[in-house]
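Listing of coords16.txt, compact mmCIF, C-alpha atoms
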# COMPACT_ATOMS: atom_id res chain seq x y z
CA MET A 1 0.00 0.00 0.00
CA LEU A 2 2.85 2.39 0.76
CA TYR A 3 4.12 2.07 -2.82
CA TRP A 4 0.82 3.22 -4.31
CA LEU A 5 0.43 5.94 -1.69
CA ILE A 6 3.86 7.40 -2.45
CA LYS A 7 3.22 7.15 -6.18
CA ALA A 8 -0.15 8.89 -5.82
CA ILE A 9 1.54 11.74 -3.97
CA LEU A 10 4.63 12.11 -6.16
CA THR A 11 3.08 11.66 -9.61
CA PRO A 12 1.14 14.93 -9.74
CA ILE A 13 4.04 16.80 -8.11
CA LEU A 14 6.55 15.57 -10.68
CA ARG A 15 4.18 16.28 -13.55
CA VAL A 16 3.67 19.86 -12.37
CA PHE A 17 7.37 20.67 -11.98
CA TYR A 18 8.84 18.66 -14.89
CA ARG A 19 8.04 18.11 -18.55
CA VAL A 20 8.10 14.35 -18.97
CA ARG A 21 8.00 12.85 -22.46
CA ILE A 22 7.31 9.14 -22.94
CA ASP A 23 8.20 7.23 -26.11
CA GLY A 24 7.48 3.58 -26.86
CA ARG A 25 5.28 2.80 -23.88
CA ALA A 26 3.41 0.32 -26.10
CA HIS A 27 6.46 -1.96 -25.81
CA LEU A 28 5.62 -2.58 -22.15
CA PRO A 29 3.43 -5.65 -21.62
CA ALA A 30 0.24 -4.94 -19.71
CA GLN A 31 0.73 -8.09 -17.65
CA GLY A 32 3.22 -10.84 -17.03
CA PRO A 33 6.85 -10.68 -15.95
CA VAL A 34 9.21 -8.17 -17.53
CA ILE A 35 12.68 -6.82 -16.78
CA LEU A 36 13.31 -3.13 -17.36
CA ALA A 37 16.99 -2.34 -18.01
CA ALA A 38 17.82 1.37 -17.97
CA ASN A 39 20.84 3.63 -18.00
CA HIS A 40 21.58 5.29 -14.66
CA ARG A 41 22.38 9.01 -14.46
CA SER A 42 20.64 10.26 -11.33
CA PHE A 43 18.86 9.23 -8.15
CA MET A 44 15.76 10.64 -9.85
CA ASP A 45 15.81 7.73 -12.33
CA SER A 46 14.08 5.61 -9.69
CA LEU A 47 11.28 8.17 -9.41
CA PHE A 48 10.68 9.03 -13.05
CA LEU A 49 10.66 5.43 -14.30
CA PRO A 50 7.84 4.21 -12.00
CA LEU A 51 6.03 7.50 -12.68
CA VAL A 52 5.35 6.55 -16.30
CA ILE A 53 4.43 2.90 -15.66
CA ARG A 54 0.99 1.88 -14.46
CA ARG A 55 2.26 -1.36 -12.96
CA ARG A 56 4.24 -1.68 -9.76
CA VAL A 57 8.01 -1.59 -10.33
CA THR A 58 10.54 -3.24 -8.01
CA PHE A 59 14.18 -2.12 -7.98
CA VAL A 60 17.33 -3.20 -6.25
CA ALA A 61 18.72 -0.49 -4.00
CA LYS A 62 22.13 -0.25 -2.37
CA ALA A 63 22.11 -1.78 1.10
CA GLU A 64 23.35 1.44 2.70
CA TYR A 65 19.85 2.87 2.29
CA PHE A 66 18.51 0.06 4.48
CA ASP A 67 21.21 0.55 7.09
CA ASP A 68 20.10 4.14 7.72
CA ARG A 69 16.86 4.46 9.69
CA LYS A 70 16.10 7.76 7.94
CA THR A 71 15.75 6.01 4.59
CA ALA A 72 15.15 2.35 5.49
CA TRP A 73 11.41 2.82 6.10
CA PHE A 74 10.93 4.29 2.63
CA PHE A 75 12.83 1.63 0.71
CA ARG A 76 11.29 -1.24 2.67
CA GLY A 77 7.83 0.28 2.33
CA VAL A 78 8.01 0.44 -1.46
CA GLY A 79 9.32 -3.12 -1.67
CA GLN A 80 12.86 -2.47 -2.86
CA ILE A 81 15.51 -5.19 -2.68
CA PRO A 82 18.80 -4.40 -0.88
CA ILE A 83 22.07 -5.34 -2.55
CA ARG A 84 25.63 -4.90 -1.32
CA ARG A 85 28.13 -3.73 -3.91
CA GLU A 86 30.84 -6.12 -2.77
CA GLY A 87 28.95 -8.96 -4.46
CA GLY A 88 29.15 -12.57 -3.37
CA SER A 89 26.28 -14.24 -1.56
CA ALA A 90 24.51 -10.92 -0.91
CA SER A 91 24.23 -10.28 -4.64
CA GLU A 92 23.00 -13.83 -5.19
CA ARG A 93 20.28 -13.30 -2.57
CA ALA A 94 19.19 -10.13 -4.35
CA LEU A 95 19.08 -12.07 -7.62
CA ALA A 96 16.95 -14.74 -5.95
CA SER A 97 14.55 -12.07 -4.65
CA ALA A 98 14.32 -10.56 -8.13
CA THR A 99 13.55 -14.03 -9.49
CA GLU A 100 10.64 -14.30 -7.06
CA VAL A 101 9.26 -10.96 -8.30
CA LEU A 102 9.34 -12.18 -11.89
CA GLN A 103 7.96 -15.62 -11.10
CA ALA A 104 4.99 -13.83 -9.52
CA GLY A 105 4.44 -11.97 -12.81
CA GLY A 106 5.89 -8.65 -11.66
CA VAL A 107 8.00 -5.86 -13.13
CA PHE A 108 11.62 -5.72 -12.06
CA ALA A 109 13.89 -2.79 -12.96
CA ILE A 110 17.67 -2.89 -12.97
CA TYR A 111 20.53 -0.57 -13.88
CA PRO A 112 23.11 -2.80 -15.63
CA GLU A 113 25.85 -0.18 -15.15
CA GLY A 114 25.63 -0.86 -11.42
CA THR A 115 25.96 2.76 -10.34
CA ARG A 116 25.31 6.26 -11.63
CA THR A 117 27.61 7.56 -14.31
CA ARG A 118 29.89 10.38 -13.22
CA ASP A 119 31.35 11.31 -16.58
CA GLY A 120 28.19 11.45 -18.68
CA PHE A 121 28.99 8.33 -20.70
CA LEU A 122 27.00 5.12 -20.87
CA HIS A 123 29.19 2.39 -19.36
CA ARG A 124 29.73 -1.33 -19.76
CA GLY A 125 26.94 -3.40 -18.23
CA HIS A 126 27.32 -6.05 -15.53
CA THR A 127 25.91 -9.44 -16.44
CA GLY A 128 23.32 -9.69 -13.66
CA VAL A 129 20.60 -8.52 -16.04
CA ALA A 130 21.43 -11.34 -18.48
CA ARG A 131 21.65 -13.94 -15.72
CA LEU A 132 18.22 -12.91 -14.43
CA CYS A 133 16.78 -12.89 -17.94
CA LEU A 134 18.05 -16.38 -18.81
CA ARG A 135 17.28 -17.84 -15.40
CA THR A 136 13.62 -16.83 -15.59
CA GLY A 137 13.05 -16.73 -19.35
CA THR A 138 11.79 -13.17 -18.97
CA PRO A 139 12.06 -10.61 -21.79
CA VAL A 140 14.13 -7.48 -21.21
CA VAL A 141 12.74 -4.09 -22.21
CA PRO A 142 15.63 -1.62 -22.66
CA VAL A 143 14.96 1.90 -21.39
CA GLY A 144 16.71 5.15 -22.25
CA LEU A 145 16.48 7.84 -19.57
CA ILE A 146 17.38 11.31 -20.81
CA GLY A 147 17.80 14.48 -18.78
CA THR A 148 17.46 13.06 -15.27
CA ASP A 149 21.01 14.16 -14.45
CA ASP A 150 19.99 17.71 -15.35
CA VAL A 151 17.25 17.42 -12.72
CA GLN A 152 19.62 16.15 -10.04
CA PRO A 153 23.31 15.70 -10.89
CA VAL A 154 25.35 13.15 -8.97
CA ASP A 155 26.36 14.43 -5.50
CA LYS A 156 23.77 17.23 -5.53
CA ARG A 157 21.34 17.01 -2.63
CA MET A 158 18.41 18.93 -4.06
CA PRO A 159 16.72 18.46 -7.45
CA ARG A 160 16.33 21.36 -9.87
CA LEU A 161 12.85 22.26 -11.07
CA PHE A 162 11.33 22.83 -14.50
CA ARG A 163 13.61 20.51 -16.44
CA ARG A 164 12.75 18.21 -19.34
CA VAL A 165 12.96 14.42 -18.94
CA THR A 166 12.46 11.79 -21.64
CA VAL A 167 11.78 8.10 -21.02
CA ARG A 168 12.12 5.84 -24.07
CA PHE A 169 11.15 2.17 -24.09
CA GLY A 170 12.59 -0.17 -26.70
CA GLU A 171 11.30 -3.43 -28.11
CA PRO A 172 11.59 -6.41 -25.75
CA LEU A 173 14.64 -8.63 -26.14
CA ASP A 174 13.61 -12.30 -26.15
CA PRO A 175 16.01 -14.59 -24.25
CA ALA A 176 14.80 -17.67 -26.16
CA ARG A 177 17.48 -17.45 -28.83
CA TYR A 178 20.19 -17.77 -26.16
CA GLY A 179 18.74 -21.12 -25.05
CA ASP A 180 19.64 -22.57 -21.67
CA TYR A 181 22.95 -20.74 -21.25
CA GLU A 182 22.65 -19.16 -17.83
CA GLN A 183 26.01 -20.63 -16.80
CA GLU A 184 27.77 -19.74 -20.06
CA HIS A 185 29.75 -16.58 -19.39
CA LEU A 186 30.14 -15.66 -23.04
CA ALA A 187 26.37 -15.87 -23.56
CA LEU A 188 25.80 -13.67 -20.52
CA ARG A 189 28.29 -11.14 -21.85
CA GLU A 190 26.74 -11.16 -25.32
CA LEU A 191 23.21 -10.61 -24.04
CA THR A 192 24.35 -7.87 -21.66
CA ASP A 193 26.17 -6.08 -24.49
CA GLU A 194 23.04 -6.34 -26.63
CA VAL A 195 21.02 -4.72 -23.85
CA MET A 196 23.55 -1.91 -23.49
CA TYR A 197 23.59 -1.33 -27.26
CA GLU A 198 19.82 -0.88 -27.27
CA ILE A 199 20.00 1.46 -24.28
CA ALA A 200 22.62 3.53 -26.12
CA GLN A 201 20.37 3.78 -29.18
CA LEU A 202 17.40 4.85 -27.06
CA SER A 203 19.24 7.34 -24.85
CA GLY A 204 21.65 8.80 -27.40
CA TYR A 205 24.47 8.82 -24.84
CA GLU A 206 27.92 7.74 -25.95
CA TYR A 207 28.95 4.25 -24.86
CA VAL A 208 32.40 3.48 -23.42
CA ASP A 209 33.62 -0.05 -22.75
CA THR A 210 34.64 0.49 -19.13
CA TYR A 211 32.74 -0.07 -15.91
CA ALA A 212 31.26 2.90 -14.09
CA THR A 213 32.77 3.57 -10.67
CA LYS A 214 31.55 5.14 -7.45
CA LYS A 215 34.53 7.50 -7.51
CA ALA A 216 35.02 10.42 -9.85
CA GLU A 217 38.27 8.98 -11.23
CA ASP A 218 38.01 6.93 -14.39
CA ILE A 219 39.06 3.28 -14.46
CA PRO A 220 42.39 2.93 -16.28
CA ILE A 221 41.80 1.18 -19.56
CA ASP A 222 44.13 -1.73 -18.74
CA ILE A 223 42.22 -2.44 -15.51
CA ALA A 224 38.95 -2.35 -17.44
CA HIS A 225 40.30 -4.98 -19.80
CA VAL A 226 41.31 -7.21 -16.90
CA ALA A 227 37.85 -6.82 -15.39
CA SER A 228 36.27 -7.82 -18.67
CA TYR A 229 38.49 -10.90 -18.88
CA GLU A 230 37.82 -11.93 -15.30
CA GLU A 231 34.08 -11.64 -15.85
CA ILE A 232 33.94 -14.01 -18.81
CA ARG A 233 36.40 -16.66 -17.63
CA THR A 234 35.00 -20.14 -17.25
CA PRO A 235 36.19 -22.49 -14.48
CA GLU A 236 38.17 -24.40 -17.14
CA THR A 237 40.06 -21.31 -18.36
CA ALA A 238 40.57 -20.07 -14.80
CA ALA A 239 42.33 -23.32 -13.95
CA SER A 240 44.61 -23.18 -16.95

Mind converting the file's structure to structure tokens?
Amino acid sequence: MLYWLIKAILTPILRVFYRVRIDGRAHLPAQGPVILAANHRSFMDSLFLPLVIRRRVTFVAKAEYFDDRKTAWFFRGVGQIPIRREGGSASERALASATEVLQAGGVFAIYPEGTRTRDGFLHRGHTGVARLCLRTGTPVVPVGLIGTDDVQPVDKRMPRLFRRVTVRFGEPLDPARYGDYEQEHLALRELTDEVMYEIAQLSGYEYVDTYATKKAEDIPIDIAHVASYEEIRTPETAAS
């Protein structure tokens, strides 16, 4: 109930103070499970995306929000799933919770970049979105969010009013052609890259093949290449 209450309060407020354009909403299924994969430029992404969708949307949110009593009530009340950035079993639990949302026929939204961009570029996606897609057989609808960082740039506490925001939905990506390849790292990487390509086309932001970071400094290109290699290694290649 808290989700719908907050949405009922925020929707008219956001529509009064911002010009929100929606493209491709017909690509969203009216029912059944769907994964929304969007670029991430601002905290406001998680407000504007549910604003334009009539169905309930569940996100993952960084666990720090749940550790702080000032924000924990809000994120728990709207049904968000905590995830710790260090990965491991905590990330797997978040993936399992997301699977439950989809198995119940819900809408799950994810930011494949993992964190908000600090340099304005669209960054390399993490493969969680592909793993979730293949594990559940759920289509992925790519989403391009435009202008949300103009509303509230990273590290700015207060949003700016009277800005223009565009939300563009692409055609669903069907996981069927990847078959049963949830454990195949190359398949996960290929599907994730396909998702990021579609997001780039929808958003118009330039793509760079490095991971986004929490810090303002860029990842050195050689480290990015190592990260890419580590992500796609199979147990057989790791042992060699």

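Atom pair atom CA of A:Leu95 / atom CA of A:Ile81: separated by 9.2 Å.
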
Worksheet item: What residues have an atom no more than 12 Å from (3.3, 7.3, -0.3) in the file's own frame, counting all atoms listed in the file, and can you write them as a list in words?
Response: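 Neighbouring residues, ordered by chain and number, come to Met1, Leu2, Tyr3, Trp4, Leu5, Ile6, Lys7, Ala8, Ile9, Leu10, Thr11, Trp73, Phe74, Phe75, Gly77 and Val78 of chain A.
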
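Between atom CA of A:Pro153 and atom CA of A:Val208 there is a distance of 19.7 Å.
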
Which residues of stretch 18-102 of chain A come within 9 Å of stretch 183-205 of chain A, and for each one, what is the closest pair of atoms and their distance in Å to one decimal, counting only C-alpha atoms, sorted by chain and residue number, as a Markdown table?
| residue | atom | partner | partner_atom | distance |
| --- | --- | --- | --- | --- |
| A:Ala37 | CA | A:Val195 | CA | 7.5 |
| A:Ala38 | CA | A:Ile199 | CA | 6.7 |
| A:Asn39 | CA | A:Ile199 | CA | 6.7 |

Can I get the selected residues back with C-alpha atoms, as a PDB file, in the frame of the given file?
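Output below, filename part11.pdb:
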ATOM      1  CA  ALA A  37      16.990  -2.340 -18.010  1.00  0.00           C
ATOM      2  CA  ALA A  38      17.820   1.370 -17.970  1.00  0.00           C
ATOM      3  CA  ASN A  39      20.840   3.630 -18.000  1.00  0.00           C
TER       4      ASN A  39
END

Worksheet item: Given the choices A:Lys70, A:Arg168, A:Arg135, A:His123, which gets closest to A:Val20 if the distance is worked out from all atoms listed in the file?
Response: A:Arg168

Item to complete: Find, counting only C-alpha atoms, the residue in A:Thr213, A:Thr58, A:Ser89, A:Gln103 that gets nearest to A:Cys133.
Response: A:Gln103

Skipping near chain neighbours, those fewer than 5 positions away, what residues fall within 7 Å of stretch 42-56 of chain A using all atoms listed in the file, listed as a PDB file with C-alpha atoms, keeping the file's coordinate frame?
ATOM      1  CA  THR A  11       3.080  11.660  -9.610  1.00  0.00           C
ATOM      2  CA  VAL A 107       8.000  -5.860 -13.130  1.00  0.00           C
ATOM      3  CA  ARG A 116      25.310   6.260 -11.630  1.00  0.00           C
ATOM      4  CA  THR A 148      17.460  13.060 -15.270  1.00  0.00           C
ATOM      5  CA  ASP A 149      21.010  14.160 -14.450  1.00  0.00           C
ATOM      6  CA  GLN A 152      19.620  16.150 -10.040  1.00  0.00           C
ATOM      7  CA  PRO A 153      23.310  15.700 -10.890  1.00  0.00           C
ATOM      8  CA  VAL A 154      25.350  13.150  -8.970  1.00  0.00           C
TER       9      VAL A 154
END

Practice prompt. Grab the atom CA of A:Arg76 to atom CA of A:Glu64 distance for me, in Å with one decimal place.
Written response: 12.4 Å

Fill in: Non-local contacts of stretch 13-18 of chain A (6 Å; all atoms listed in the file; under 3 positions in same chain excluded) as a list in words
Leu10, Leu161, Phe162, Arg163 and Arg164 of chain A

Residue subset to file, keeping C-alpha atoms, as a PDB file, in the frame of the given file:
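See result32.pdb below for the written result:
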ATOM      1  CA  LEU A  10       4.630  12.110  -6.160  1.00  0.00           C
ATOM      2  CA  LEU A 161      12.850  22.260 -11.070  1.00  0.00           C
ATOM      3  CA  PHE A 162      11.330  22.830 -14.500  1.00  0.00           C
ATOM      4  CA  ARG A 163      13.610  20.510 -16.440  1.00  0.00           C
ATOM      5  CA  ARG A 164      12.750  18.210 -19.340  1.00  0.00           C
TER       6      ARG A 164
END

Practice prompt. Determine the nearest neighbour of A:Thr136 from the options A:Glu100, A:Glu113, A:Asp23, A:Glu171, counting only C-alpha atoms.
Written response: A:Glu100

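Here the question is which of A:Arg41, A:Lys156, A:Arg177, A:Arg93 gets nearest to A:Pro112 using only C-alpha atoms, and that residue is A:Arg41.
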
Fill in: Selection near A:Pro175, 8 Å with only C-alpha atoms, sequence-local residues under 6 positions removed, as a VMD selection string
chain A and resid 133 to 134 137 to 140

Worksheet item: Smallest atom-to-atom distance to A:Glu206: which of A:Ala61, A:Ile83, A:Leu122, A:Leu145, using only C-alpha atoms?
Response: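 Checking each of A:Ala61, A:Ile83, A:Leu122, A:Leu145 against A:Glu206, counting only C-alpha atoms, the winner is A:Leu122.
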
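Using all atoms listed in the file for every distance, the candidate list A:Val57, A:Met158, A:Ala63, A:Leu132 yields A:Leu132 as the residue closest to A:Ser97.
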